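Engineer: If it helps, the file is called structure.cif and holds mmCIF, C-alpha atoms and all ligand atoms:
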data_query
loop_
_atom_site.group_PDB
_atom_site.id
_atom_site.type_symbol
_atom_site.label_atom_id
_atom_site.label_comp_id
_atom_site.auth_asym_id
_atom_site.auth_seq_id
_atom_site.Cartn_x
_atom_site.Cartn_y
_atom_site.Cartn_z
ATOM 1 C CA MET A 1140 -219.738 -17.003 -74.171
ATOM 2 C CA PRO A 1141 -221.255 -13.620 -73.452
ATOM 3 C CA ASP A 1142 -220.290 -10.950 -75.943
ATOM 4 C CA TYR A 1143 -221.793 -8.155 -73.818
ATOM 5 C CA ILE A 1144 -218.781 -8.527 -71.494
ATOM 6 C CA PRO A 1145 -215.976 -8.582 -74.096
ATOM 7 C CA GLU A 1146 -213.341 -9.870 -71.661
ATOM 8 C CA LEU A 1147 -215.321 -13.058 -71.018
ATOM 9 C CA ALA A 1148 -215.313 -13.921 -74.712
ATOM 10 C CA LEU A 1149 -211.532 -14.482 -74.385
ATOM 11 C CA ALA A 1150 -212.067 -17.687 -72.342
ATOM 12 C CA THR A 1151 -210.893 -21.008 -73.792
ATOM 13 C CA PRO A 1152 -213.918 -23.227 -74.551
ATOM 14 C CA GLN A 1153 -212.017 -26.422 -73.645
ATOM 15 C CA TRP A 1154 -211.503 -25.451 -69.995
ATOM 16 C CA PHE A 1155 -213.429 -27.927 -67.881
ATOM 17 C CA GLY A 1156 -213.169 -28.588 -64.161
ATOM 18 C CA ILE A 1157 -215.341 -30.375 -61.623
ATOM 19 C CA SER A 1158 -215.125 -30.363 -57.839
ATOM 20 C CA VAL A 1159 -217.333 -32.032 -55.260
ATOM 21 C CA ALA A 1160 -216.867 -31.149 -51.585
ATOM 22 C CA THR A 1161 -218.573 -33.141 -48.862
ATOM 23 C CA VAL A 1162 -219.786 -31.640 -45.602
ATOM 24 C CA ASP A 1163 -217.149 -33.712 -43.782
ATOM 25 C CA GLY A 1164 -214.399 -31.935 -45.706
ATOM 26 C CA ARG A 1165 -213.478 -34.417 -48.464
ATOM 27 C CA TYR A 1166 -212.991 -33.404 -52.118
ATOM 28 C CA PHE A 1167 -213.473 -35.317 -55.364
ATOM 29 C CA GLU A 1168 -212.078 -33.302 -58.280
ATOM 30 C CA VAL A 1169 -211.020 -33.582 -61.910
ATOM 31 C CA GLY A 1170 -209.715 -31.358 -64.738
ATOM 32 C CA ASP A 1171 -209.406 -27.569 -64.420
ATOM 33 C CA TYR A 1172 -210.861 -27.390 -60.929
ATOM 34 C CA SER A 1173 -208.157 -24.978 -59.760
ATOM 35 C CA ARG A 1174 -208.362 -22.589 -62.734
ATOM 36 C CA SER A 1175 -209.683 -19.135 -61.776
ATOM 37 C CA PHE A 1176 -212.600 -17.438 -63.497
ATOM 38 C CA THR A 1177 -215.082 -14.720 -62.569
ATOM 39 C CA ILE A 1178 -217.932 -15.759 -60.320
ATOM 40 C CA GLN A 1179 -220.514 -13.534 -62.103
ATOM 41 C CA SER A 1180 -224.115 -14.265 -61.105
ATOM 42 C CA ILE A 1181 -223.182 -16.993 -58.647
ATOM 43 C CA SER A 1182 -222.248 -14.094 -56.357
ATOM 44 C CA LYS A 1183 -225.928 -13.105 -56.220
ATOM 45 C CA ALA A 1184 -226.888 -16.000 -53.944
ATOM 46 C CA PHE A 1185 -224.132 -15.219 -51.437
ATOM 47 C CA VAL A 1186 -224.625 -11.449 -51.466
ATOM 48 C CA TYR A 1187 -228.323 -12.123 -50.812
ATOM 49 C CA GLY A 1188 -227.247 -13.981 -47.666
ATOM 50 C CA LEU A 1189 -225.127 -11.004 -46.599
ATOM 51 C CA ALA A 1190 -228.051 -8.615 -47.177
ATOM 52 C CA LEU A 1191 -230.233 -10.817 -44.967
ATOM 53 C CA GLU A 1192 -227.580 -10.706 -42.254
ATOM 54 C CA ASP A 1193 -227.282 -6.920 -42.632
ATOM 55 C CA HIS A 1194 -230.997 -6.134 -42.448
ATOM 56 C CA GLY A 1195 -233.090 -9.180 -41.574
ATOM 57 C CA ARG A 1196 -235.746 -10.910 -43.638
ATOM 58 C CA ASP A 1197 -238.554 -8.347 -43.323
ATOM 59 C CA TYR A 1198 -236.551 -5.416 -44.630
ATOM 60 C CA VAL A 1199 -234.967 -7.386 -47.464
ATOM 61 C CA GLN A 1200 -238.405 -8.660 -48.534
ATOM 62 C CA CYS A 1201 -239.506 -5.019 -48.959
ATOM 63 C CA LYS A 1202 -236.710 -4.553 -51.464
ATOM 64 C CA VAL A 1203 -236.800 -7.835 -53.363
ATOM 65 C CA SER A 1204 -239.376 -10.608 -53.638
ATOM 66 C CA VAL A 1205 -238.678 -14.354 -53.998
ATOM 67 C CA GLU A 1206 -240.868 -15.212 -56.993
ATOM 68 C CA PRO A 1207 -239.387 -16.938 -60.063
ATOM 69 C CA THR A 1208 -239.809 -14.923 -63.262
ATOM 70 C CA GLY A 1209 -239.491 -17.483 -66.038
ATOM 71 C CA GLU A 1210 -237.603 -14.689 -67.807
ATOM 72 C CA ALA A 1211 -233.977 -14.116 -68.774
ATOM 73 C CA PHE A 1212 -231.540 -13.066 -66.040
ATOM 74 C CA ASN A 1213 -231.203 -9.555 -67.465
ATOM 75 C CA SER A 1214 -234.857 -8.875 -68.258
ATOM 76 C CA ILE A 1215 -236.064 -5.394 -67.399
ATOM 77 C CA MET A 1216 -239.115 -6.125 -65.292
ATOM 78 C CA LEU A 1217 -240.433 -5.351 -61.841
ATOM 79 C CA ASP A 1218 -243.507 -6.552 -59.972
ATOM 80 C CA GLN A 1219 -246.001 -3.895 -61.091
ATOM 81 C CA SER A 1220 -247.996 -3.879 -57.864
ATOM 82 C CA THR A 1221 -245.011 -3.279 -55.570
ATOM 83 C CA ASN A 1222 -242.226 -2.118 -57.951
ATOM 84 C CA ARG A 1223 -240.040 -4.768 -56.368
ATOM 85 C CA PRO A 1224 -237.694 -6.966 -58.380
ATOM 86 C CA TYR A 1225 -239.035 -10.524 -58.554
ATOM 87 C CA ASN A 1226 -236.098 -12.300 -56.935
ATOM 88 C CA PRO A 1227 -232.451 -11.800 -55.952
ATOM 89 C CA MET A 1228 -231.128 -14.187 -58.626
ATOM 90 C CA VAL A 1229 -232.053 -12.005 -61.632
ATOM 91 C CA ASN A 1230 -230.166 -8.776 -62.277
ATOM 92 C CA THR A 1231 -232.903 -6.437 -61.035
ATOM 93 C CA GLY A 1232 -233.043 -8.227 -57.684
ATOM 94 C CA ALA A 1233 -229.290 -8.644 -57.453
ATOM 95 C CA ILE A 1234 -228.652 -4.931 -57.990
ATOM 96 C CA ALA A 1235 -231.298 -4.103 -55.369
ATOM 97 C CA THR A 1236 -229.626 -6.563 -52.988
ATOM 98 C CA THR A 1237 -226.146 -5.152 -53.567
ATOM 99 C CA ASP A 1238 -227.578 -1.661 -53.040
ATOM 100 C CA ILE A 1239 -228.394 -2.441 -49.405
ATOM 101 C CA ILE A 1240 -225.062 -4.027 -48.451
ATOM 102 C CA LYS A 1241 -223.820 -2.033 -45.483
ATOM 103 C CA GLY A 1242 -220.581 -0.043 -45.377
ATOM 104 C CA ALA A 1243 -219.493 3.560 -44.779
ATOM 105 C CA ASN A 1244 -218.050 3.945 -48.282
ATOM 106 C CA PRO A 1245 -217.582 1.965 -51.532
ATOM 107 C CA THR A 1246 -214.275 0.454 -50.388
ATOM 108 C CA GLU A 1247 -215.760 -0.809 -47.160
ATOM 109 C CA ARG A 1248 -218.783 -2.293 -48.933
ATOM 110 C CA LEU A 1249 -216.539 -4.165 -51.381
ATOM 111 C CA LYS A 1250 -214.328 -5.314 -48.503
ATOM 112 C CA ARG A 1251 -217.365 -6.735 -46.715
ATOM 113 C CA ILE A 1252 -218.397 -8.693 -49.815
ATOM 114 C CA LEU A 1253 -214.851 -10.028 -50.305
ATOM 115 C CA GLU A 1254 -214.621 -10.907 -46.624
ATOM 116 C CA MET A 1255 -217.953 -12.745 -46.856
ATOM 117 C CA ILE A 1256 -216.678 -14.798 -49.825
ATOM 118 C CA ARG A 1257 -213.462 -15.492 -47.895
ATOM 119 C CA ARG A 1258 -215.476 -17.044 -45.075
ATOM 120 C CA TYR A 1259 -217.108 -19.426 -47.571
ATOM 121 C CA THR A 1260 -213.876 -20.478 -49.329
ATOM 122 C CA GLY A 1261 -211.267 -20.116 -46.607
ATOM 123 C CA HIS A 1262 -208.966 -17.770 -48.559
ATOM 124 C CA ASN A 1263 -208.784 -14.240 -49.958
ATOM 125 C CA HIS A 1264 -210.128 -13.301 -53.389
ATOM 126 C CA ASP A 1265 -209.233 -10.711 -56.006
ATOM 127 C CA VAL A 1266 -211.456 -8.730 -58.333
ATOM 128 C CA ASN A 1267 -210.476 -9.256 -61.977
ATOM 129 C CA MET A 1268 -209.960 -5.639 -63.058
ATOM 130 C CA PRO A 1269 -210.143 -6.181 -66.859
ATOM 131 C CA VAL A 1270 -213.466 -8.032 -66.481
ATOM 132 C CA PHE A 1271 -214.813 -5.413 -64.053
ATOM 133 C CA LEU A 1272 -213.818 -2.535 -66.338
ATOM 134 C CA SER A 1273 -215.109 -4.384 -69.388
ATOM 135 C CA GLU A 1274 -218.559 -4.817 -67.868
ATOM 136 C CA ARG A 1275 -218.531 -1.315 -66.434
ATOM 137 C CA THR A 1276 -217.937 0.021 -69.943
ATOM 138 C CA THR A 1277 -220.545 -2.080 -71.717
ATOM 139 C CA GLY A 1278 -223.077 -2.775 -68.931
ATOM 140 C CA ASN A 1279 -225.698 -0.283 -70.032
ATOM 141 C CA ARG A 1280 -228.517 -2.764 -69.685
ATOM 142 C CA ASN A 1281 -227.738 -3.141 -65.983
ATOM 143 C CA ARG A 1282 -227.471 0.644 -65.778
ATOM 144 C CA ALA A 1283 -230.954 0.900 -67.312
ATOM 145 C CA ILE A 1284 -232.280 -1.608 -64.769
ATOM 146 C CA ALA A 1285 -230.730 0.345 -61.909
ATOM 147 C CA TYR A 1286 -232.145 3.674 -63.078
ATOM 148 C CA LEU A 1287 -235.596 2.156 -63.548
ATOM 149 C CA MET A 1288 -235.488 1.032 -59.923
ATOM 150 C CA LEU A 1289 -234.208 4.448 -58.876
ATOM 151 C CA ASN A 1290 -237.192 5.979 -60.656
ATOM 152 C CA PHE A 1291 -239.464 3.899 -58.405
ATOM 153 C CA GLY A 1292 -237.465 4.721 -55.287
ATOM 154 C CA MET A 1293 -236.474 1.065 -54.869
ATOM 155 C CA VAL A 1294 -232.748 1.773 -54.702
ATOM 156 C CA THR A 1295 -230.681 4.543 -53.119
ATOM 157 C CA GLU A 1296 -229.282 7.629 -54.819
ATOM 158 C CA HIS A 1297 -225.735 6.230 -54.831
ATOM 159 C CA ILE A 1298 -226.713 3.974 -57.708
ATOM 160 C CA GLU A 1299 -223.519 4.401 -59.753
ATOM 161 C CA GLU A 1300 -221.559 3.304 -56.679
ATOM 162 C CA THR A 1301 -223.857 0.302 -56.332
ATOM 163 C CA LEU A 1302 -223.459 -0.588 -60.014
ATOM 164 C CA ASP A 1303 -219.681 -0.518 -59.605
ATOM 165 C CA LEU A 1304 -220.010 -2.727 -56.559
ATOM 166 C CA TYR A 1305 -222.290 -5.128 -58.454
ATOM 167 C CA PHE A 1306 -219.857 -5.320 -61.398
ATOM 168 C CA GLN A 1307 -216.993 -5.894 -58.942
ATOM 169 C CA GLN A 1308 -218.798 -8.655 -57.044
ATOM 170 C CA CYS A 1309 -219.444 -10.340 -60.421
ATOM 171 C CA ALA A 1310 -215.719 -10.052 -61.284
ATOM 172 C CA VAL A 1311 -214.463 -11.830 -58.134
ATOM 173 C CA MET A 1312 -212.111 -14.657 -59.095
ATOM 174 C CA VAL A 1313 -212.971 -18.180 -57.927
ATOM 175 C CA THR A 1314 -212.271 -21.776 -58.959
ATOM 176 C CA ALA A 1315 -214.554 -24.807 -59.255
ATOM 177 C CA HIS A 1316 -212.913 -25.983 -56.019
ATOM 178 C CA ASP A 1317 -214.006 -22.728 -54.344
ATOM 179 C CA LEU A 1318 -217.562 -23.064 -55.664
ATOM 180 C CA ALA A 1319 -217.762 -26.608 -54.289
ATOM 181 C CA THR A 1320 -216.589 -25.339 -50.886
ATOM 182 C CA MET A 1321 -219.074 -22.455 -50.958
ATOM 183 C CA ALA A 1322 -221.943 -24.800 -51.805
ATOM 184 C CA ALA A 1323 -220.782 -27.342 -49.215
ATOM 185 C CA THR A 1324 -220.799 -24.514 -46.666
ATOM 186 C CA LEU A 1325 -224.467 -23.843 -47.413
ATOM 187 C CA ALA A 1326 -225.149 -27.595 -47.390
ATOM 188 C CA ASN A 1327 -223.441 -27.688 -43.971
ATOM 189 C CA GLY A 1328 -225.815 -25.103 -42.473
ATOM 190 C CA GLY A 1329 -223.566 -22.104 -43.172
ATOM 191 C CA VAL A 1330 -220.334 -23.436 -41.648
ATOM 192 C CA ASN A 1331 -217.286 -23.963 -43.886
ATOM 193 C CA PRO A 1332 -216.572 -27.713 -43.591
ATOM 194 C CA VAL A 1333 -212.800 -27.257 -43.936
ATOM 195 C CA THR A 1334 -212.096 -24.233 -41.721
ATOM 196 C CA GLY A 1335 -215.026 -24.640 -39.342
ATOM 197 C CA GLU A 1336 -215.740 -20.917 -39.710
ATOM 198 C CA ARG A 1337 -219.348 -19.759 -39.962
ATOM 199 C CA ALA A 1338 -219.945 -17.976 -43.284
ATOM 200 C CA LEU A 1339 -223.679 -17.311 -42.976
ATOM 201 C CA ASP A 1340 -226.017 -16.929 -40.026
ATOM 202 C CA GLU A 1341 -227.878 -20.226 -39.812
ATOM 203 C CA ARG A 1342 -231.226 -18.374 -39.769
ATOM 204 C CA TYR A 1343 -230.711 -17.387 -43.417
ATOM 205 C CA VAL A 1344 -229.259 -20.547 -44.933
ATOM 206 C CA GLN A 1345 -232.725 -21.808 -45.818
ATOM 207 C CA ASP A 1346 -233.608 -18.495 -47.528
ATOM 208 C CA VAL A 1347 -230.531 -18.628 -49.757
ATOM 209 C CA ILE A 1348 -230.910 -22.289 -50.700
ATOM 210 C CA SER A 1349 -234.626 -21.826 -51.421
ATOM 211 C CA VAL A 1350 -234.122 -19.033 -53.970
ATOM 212 C CA MET A 1351 -231.308 -21.012 -55.567
ATOM 213 C CA PHE A 1352 -233.746 -23.877 -56.027
ATOM 214 C CA THR A 1353 -236.628 -21.814 -57.420
ATOM 215 C CA CYS A 1354 -234.741 -19.079 -59.311
ATOM 216 C CA GLY A 1355 -231.036 -19.951 -59.570
ATOM 217 C CA MET A 1356 -231.110 -21.101 -63.197
ATOM 218 C CA TYR A 1357 -233.249 -18.190 -64.477
ATOM 219 C CA ASN A 1358 -235.727 -19.241 -67.167
ATOM 220 C CA HIS A 1359 -234.411 -22.813 -66.916
ATOM 221 C CA SER A 1360 -235.227 -23.041 -63.198
ATOM 222 C CA GLY A 1361 -238.448 -25.029 -63.590
ATOM 223 C CA SER A 1362 -237.104 -27.766 -65.817
ATOM 224 C CA TRP A 1363 -233.890 -27.767 -63.798
ATOM 225 C CA ALA A 1364 -235.888 -28.393 -60.611
ATOM 226 C CA CYS A 1365 -237.558 -31.372 -62.316
ATOM 227 C CA LYS A 1366 -234.539 -32.889 -64.034
ATOM 228 C CA GLY A 1367 -231.677 -31.909 -61.725
ATOM 229 C CA GLY A 1368 -233.541 -31.304 -58.523
ATOM 230 C CA LEU A 1369 -230.713 -29.499 -56.757
ATOM 231 C CA PRO A 1370 -230.511 -25.902 -55.540
ATOM 232 C CA ALA A 1371 -228.046 -24.357 -57.995
ATOM 233 C CA LYS A 1372 -226.681 -21.077 -59.291
ATOM 234 C CA SER A 1373 -224.970 -20.337 -62.571
ATOM 235 C CA GLY A 1374 -222.872 -17.449 -63.864
ATOM 236 C CA VAL A 1375 -221.923 -16.265 -67.331
ATOM 237 C CA GLY A 1376 -218.244 -16.786 -66.451
ATOM 238 C CA GLY A 1377 -218.978 -20.498 -67.019
ATOM 239 C CA GLY A 1378 -219.299 -21.478 -63.382
ATOM 240 C CA ILE A 1379 -222.144 -23.357 -61.792
ATOM 241 C CA THR A 1380 -222.624 -24.436 -58.228
ATOM 242 C CA ALA A 1381 -225.164 -26.832 -56.763
ATOM 243 C CA LEU A 1382 -225.680 -28.519 -53.430
ATOM 244 C CA VAL A 1383 -227.308 -31.391 -51.647
ATOM 245 C CA PRO A 1384 -228.362 -30.215 -48.183
ATOM 246 C CA GLU A 1385 -226.424 -31.897 -45.370
ATOM 247 C CA LYS A 1386 -224.294 -33.831 -47.869
ATOM 248 C CA LEU A 1387 -222.197 -31.998 -50.445
ATOM 249 C CA GLY A 1388 -221.479 -29.050 -52.687
ATOM 250 C CA ILE A 1389 -220.645 -29.140 -56.404
ATOM 251 C CA GLY A 1390 -218.598 -26.649 -58.431
ATOM 252 C CA VAL A 1391 -218.216 -26.919 -62.213
ATOM 253 C CA PHE A 1392 -216.370 -24.625 -64.614
ATOM 254 C CA SER A 1393 -216.810 -24.764 -68.379
ATOM 255 C CA PRO A 1394 -217.135 -21.489 -70.338
ATOM 256 C CA PRO A 1395 -219.460 -22.370 -73.266
ATOM 257 C CA LEU A 1396 -222.984 -21.214 -72.374
ATOM 258 C CA ASP A 1397 -226.453 -22.114 -73.598
ATOM 259 C CA ALA A 1398 -228.918 -19.464 -74.751
ATOM 260 C CA ARG A 1399 -230.022 -18.794 -71.166
ATOM 261 C CA GLY A 1400 -226.500 -18.065 -69.921
ATOM 262 C CA ASN A 1401 -225.963 -21.401 -68.137
ATOM 263 C CA SER A 1402 -222.774 -23.427 -68.668
ATOM 264 C CA VAL A 1403 -223.705 -26.268 -71.035
ATOM 265 C CA ARG A 1404 -221.309 -28.805 -69.527
ATOM 266 C CA GLY A 1405 -221.997 -27.474 -66.021
ATOM 267 C CA VAL A 1406 -225.709 -28.188 -66.336
ATOM 268 C CA GLY A 1407 -224.917 -31.620 -67.773
ATOM 269 C CA VAL A 1408 -222.499 -32.544 -64.968
ATOM 270 C CA CYS A 1409 -224.896 -31.481 -62.204
ATOM 271 C CA ARG A 1410 -227.783 -33.304 -63.844
ATOM 272 C CA ASP A 1411 -225.721 -36.491 -64.290
ATOM 273 C CA LEU A 1412 -224.449 -36.373 -60.710
ATOM 274 C CA ALA A 1413 -227.994 -35.861 -59.459
ATOM 275 C CA ASN A 1414 -229.345 -38.736 -61.522
ATOM 276 C CA ASP A 1415 -226.484 -41.206 -61.067
ATOM 277 C CA PHE A 1416 -226.284 -40.763 -57.300
ATOM 278 C CA GLY A 1417 -229.974 -40.249 -56.548
ATOM 279 C CA LEU A 1418 -229.295 -36.689 -55.339
ATOM 280 C CA HIS A 1419 -232.514 -35.029 -56.554
ATOM 281 C CA VAL A 1420 -233.964 -33.530 -53.383
ATOM 282 C CA PHE A 1421 -237.324 -35.169 -54.121
ATOM 283 C CA ASP A 1422 -235.884 -38.550 -55.066
ATOM 284 C CA ILE A 1423 -237.997 -40.410 -52.531
ATOM 285 C CA ALA A 1424 -236.478 -43.748 -53.565
ATOM 286 C CA LYS A 1425 -233.185 -42.739 -51.914
ATOM 287 C CA PRO A 1426 -231.805 -45.843 -50.236
ATOM 288 C CA ASP A 1427 -230.789 -43.960 -47.085
ATOM 289 C CA HIS A 1428 -234.311 -42.792 -46.343
ATOM 290 C CA ASP A 1429 -235.279 -44.316 -43.062
ATOM 291 C CA LEU A 1430 -238.959 -43.580 -42.628
ATOM 292 C CA GLU A 1431 -239.391 -45.958 -39.690
ATOM 293 C CA ALA A 1432 -236.767 -44.050 -37.724
ATOM 294 C CA PHE A 1433 -238.411 -40.771 -38.678
ATOM 295 C CA MET A 1434 -241.793 -42.005 -37.488
ATOM 296 C CA ALA A 1435 -240.265 -43.153 -34.211
ATOM 297 C CA THR A 1436 -239.052 -39.608 -33.564
ATOM 298 C CA GLN A 1437 -242.586 -38.293 -34.184
ATOM 299 C CA GLY A 1438 -243.914 -40.187 -31.168
ATOM 300 C CA ALA A 1439 -246.518 -42.135 -33.176
ATOM 301 C CA ASP A 1440 -246.699 -45.745 -34.307
ATOM 302 C CA SER A 1441 -246.615 -45.506 -38.099
ATOM 303 C CA SER A 1442 -248.133 -48.963 -38.546
ATOM 304 C CA ASP A 1443 -251.407 -47.666 -37.101
ATOM 305 C CA SER A 1444 -251.550 -44.609 -39.255
ATOM 306 C CA PRO A 1445 -254.473 -44.545 -41.714
ATOM 307 C CA ASP A 1446 -252.738 -41.807 -43.704
ATOM 308 C CA LEU A 1447 -249.688 -43.691 -44.922
ATOM 309 C CA MET A 1448 -249.212 -42.816 -48.582
ATOM 310 C CA TRP A 1449 -246.504 -45.320 -49.409
ATOM 311 C CA ASP A 1450 -246.191 -49.071 -49.525
ATOM 312 C CA LYS A 1451 -244.206 -50.145 -46.470
ATOM 313 C CA THR A 1452 -243.157 -53.528 -47.866
HETATM 314 N N1 LIG A 1501 -222.295 -9.617 -64.566
HETATM 315 C C1 LIG A 1501 -223.307 -10.288 -65.337
HETATM 316 C C2 LIG A 1501 -224.493 -9.363 -65.604
HETATM 317 O O1 LIG A 1501 -224.891 -8.660 -64.734
HETATM 318 C C3 LIG A 1501 -223.757 -11.498 -64.609
HETATM 319 C C4 LIG A 1501 -224.811 -12.252 -65.354
HETATM 320 C C5 LIG A 1501 -224.782 -13.729 -65.134
HETATM 321 O O2 LIG A 1501 -223.790 -14.293 -64.689
HETATM 322 N N2 LIG A 1501 -225.856 -14.382 -65.515
HETATM 323 O O3 LIG A 1501 -225.021 -9.322 -66.675
#
Translate this file's structure into structure tokens.
Structural biologist:
Amino acid sequence: MPDYIPELALATPQWFGISVATVDGRYFEVGDYSRSFTIQSISKAFVYGLALEDHGRDYVQCKVSVEPTGEAFNSIMLDQSTNRPYNPMVNTGAIATTDIIKGANPTERLKRILEMIRRYTGHNHDVNMPVFLSERTTGNRNRAIAYLMLNFGMVTEHIEETLDLYFQQCAVMVTAHDLATMAATLANGGVNPVTGERALDERYVQDVISVMFTCGMYNHSGSWACKGGLPAKSGVGGGITALVPEKLGIGVFSPPLDARGNSVRGVGVCRDLANDFGLHVFDIAKPDHDLEAFMATQGADSSDSPDLMWDKT
């Protein structure tokens, strides 16, 4: 568990909860799925969606790129040619994203983030004050990142306000059940499957899921894409969320972390679910793939096609 946020080190290692939410509103859950913990970096994916809604894709792309780094989540690095953070899933990019969240004052900006999370889960959320204050006290690495970006003019002058907002968004309390609902909402095109409320403009759902797939697991993202094959996002609070587009969302909570800051059991559960149920997004042997039907919708007779790359028998 992370010792740079002392409050998080107080978590009980045995806590373990799993929740799966389907896009038609069913849940499959076990263990500590209703125990609250801080969302931490999982917030980055959802705040990125809010930034896209606030400003549109072109503006956000000027502030943060979408390239994986292969580096740790808290590495102090920017793209040297543009001074942009590499992606919104590492701390540089997440702080730059939080910086552009609209609102007349700090309270309103925080309210908008909490309201956005409410749309995804269907209920209100609190900020865990001890965890927020703990990170605010010890988070000098994030402060260094923010001031480096300020030096390059990549973030606004109200950077201490933005850092507070970033630490608060990381300290929002959620459960594995909530994470499953949030992921199922993305899987469902941005509409919460239980409440029917839209949480994210459908134009930006693809952007959020794409960066989760390429960058969501930090320097484990490449091997995760191969072995798990699901868009996912982890947080140092021990949470991890993953999704299968148009099918389901997964939320897992287990505090012990690996060296990269990903929940050890969380990674294992998502990988096992993906493998056991054929959920890898590139698992082309999926039994429900109906290529004939697809070809029929393309207005061409597939049997005549010289370009078929698979054995039709
Ligand atoms: N609040 C944490 C930080 O900024 C979040 C990191 C994480 O969950 N990977 O360091």
Engineer: For the PyMOL selection byres (((not hetatm)) within 7 of (chain A and resi 1501)), applied here, can you spell out every residue it catches as a list in words?
Structural biologist: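 Answer for the PyMOL selection byres (((not hetatm)) within 7 of (chain A and resi 1501)): Gln1179, Ser1180, Ile1181, Phe1212, Asn1213, Asn1230, Glu1274, Asn1281, Phe1306, Cys1309, Ser1373, Gly1374, Val1375, Gly1376 and Gly1400 of chain A.
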Engineer: Hey, which of A:Ser1402, A:Thr1177, A:Thr1301, A:Gln1200 ends up closest to A:Pro1269? Count only C-alpha atoms.
Structural biologist: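 Closest to A:Pro1269 of all the choices is A:Thr1177.
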Engineer: Go through the shown structure with the PyMOL selection byres (((chain A and resi 1234) around 10) and not hetatm) and write out the matching residues as a PyMOL selection string.
Structural biologist: chain A and resi 1183+1203+1224+1227-1233+1235-1239+1281-1282+1284-1285+1288+1294+1298+1301-1302+1304-1306
Engineer: I need the residue set behind the PyMOL selection byres (((chain A and resi 1337) around 12) and not hetatm) for this file; please write it as a PDB file with C-alpha atoms, in the coordinates of the input.
Structural biologist:
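Okay, selection-v5.pdb is ready:
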ATOM      1  CA  MET A1255    -217.953 -12.745 -46.856  1.00  0.00           C
ATOM      2  CA  ILE A1256    -216.678 -14.798 -49.825  1.00  0.00           C
ATOM      3  CA  ARG A1257    -213.462 -15.492 -47.895  1.00  0.00           C
ATOM      4  CA  ARG A1258    -215.476 -17.044 -45.075  1.00  0.00           C
ATOM      5  CA  TYR A1259    -217.108 -19.426 -47.571  1.00  0.00           C
ATOM      6  CA  THR A1260    -213.876 -20.478 -49.329  1.00  0.00           C
ATOM      7  CA  GLY A1261    -211.267 -20.116 -46.607  1.00  0.00           C
ATOM      8  CA  MET A1321    -219.074 -22.455 -50.958  1.00  0.00           C
ATOM      9  CA  THR A1324    -220.799 -24.514 -46.666  1.00  0.00           C
ATOM     10  CA  LEU A1325    -224.467 -23.843 -47.413  1.00  0.00           C
ATOM     11  CA  ASN A1327    -223.441 -27.688 -43.971  1.00  0.00           C
ATOM     12  CA  GLY A1328    -225.815 -25.103 -42.473  1.00  0.00           C
ATOM     13  CA  GLY A1329    -223.566 -22.104 -43.172  1.00  0.00           C
ATOM     14  CA  VAL A1330    -220.334 -23.436 -41.648  1.00  0.00           C
ATOM     15  CA  ASN A1331    -217.286 -23.963 -43.886  1.00  0.00           C
ATOM     16  CA  PRO A1332    -216.572 -27.713 -43.591  1.00  0.00           C
ATOM     17  CA  VAL A1333    -212.800 -27.257 -43.936  1.00  0.00           C
ATOM     18  CA  THR A1334    -212.096 -24.233 -41.721  1.00  0.00           C
ATOM     19  CA  GLY A1335    -215.026 -24.640 -39.342  1.00  0.00           C
ATOM     20  CA  GLU A1336    -215.740 -20.917 -39.710  1.00  0.00           C
ATOM     21  CA  ALA A1338    -219.945 -17.976 -43.284  1.00  0.00           C
ATOM     22  CA  LEU A1339    -223.679 -17.311 -42.976  1.00  0.00           C
ATOM     23  CA  ASP A1340    -226.017 -16.929 -40.026  1.00  0.00           C
ATOM     24  CA  GLU A1341    -227.878 -20.226 -39.812  1.00  0.00           C
ATOM     25  CA  ARG A1342    -231.226 -18.374 -39.769  1.00  0.00           C
ATOM     26  CA  VAL A1344    -229.259 -20.547 -44.933  1.00  0.00           C
TER      27      VAL A1344
END
Engineer: Point out the residue among A:Thr1320, A:Gln1153, A:Ser1182, A:Thr1314 with the least atom-to-atom distance to A:Val1347, counting only C-alpha atoms.
Structural biologist: A:Ser1182
Engineer: Between A:Ile1423, A:Ala1315, A:Leu1396, A:Tyr1143, which has the minimum distance to A:Arg1280 (counting all atoms listed in the file)?
Structural biologist: A:Tyr1143
Engineer: Check the smallest atom-to-atom distance from each of A:Arg1404, A:His1419, A:His1264, A:Arg1196 to A:Pro1370 using only C-alpha atoms, then report the winner.
Structural biologist: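 The answer is A:His1419, which sits nearest to A:Pro1370.
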Engineer: Can you work out the spacing between atom CA of A:Asp1193 and atom CA of A:Ile1240 in Å, to one decimal?
Structural biologist: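 Interatomic distance, atom CA of A:Asp1193 to atom CA of A:Ile1240: 6.9 Å.
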Engineer: At what distance in Å, to one decimal, does atom CA of A:Arg1399 lie from atom CA of A:Gly1368?
Structural biologist: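 Calculated distance between atom CA of A:Gly1368 and atom CA of A:Arg1399 is 18.1 Å.
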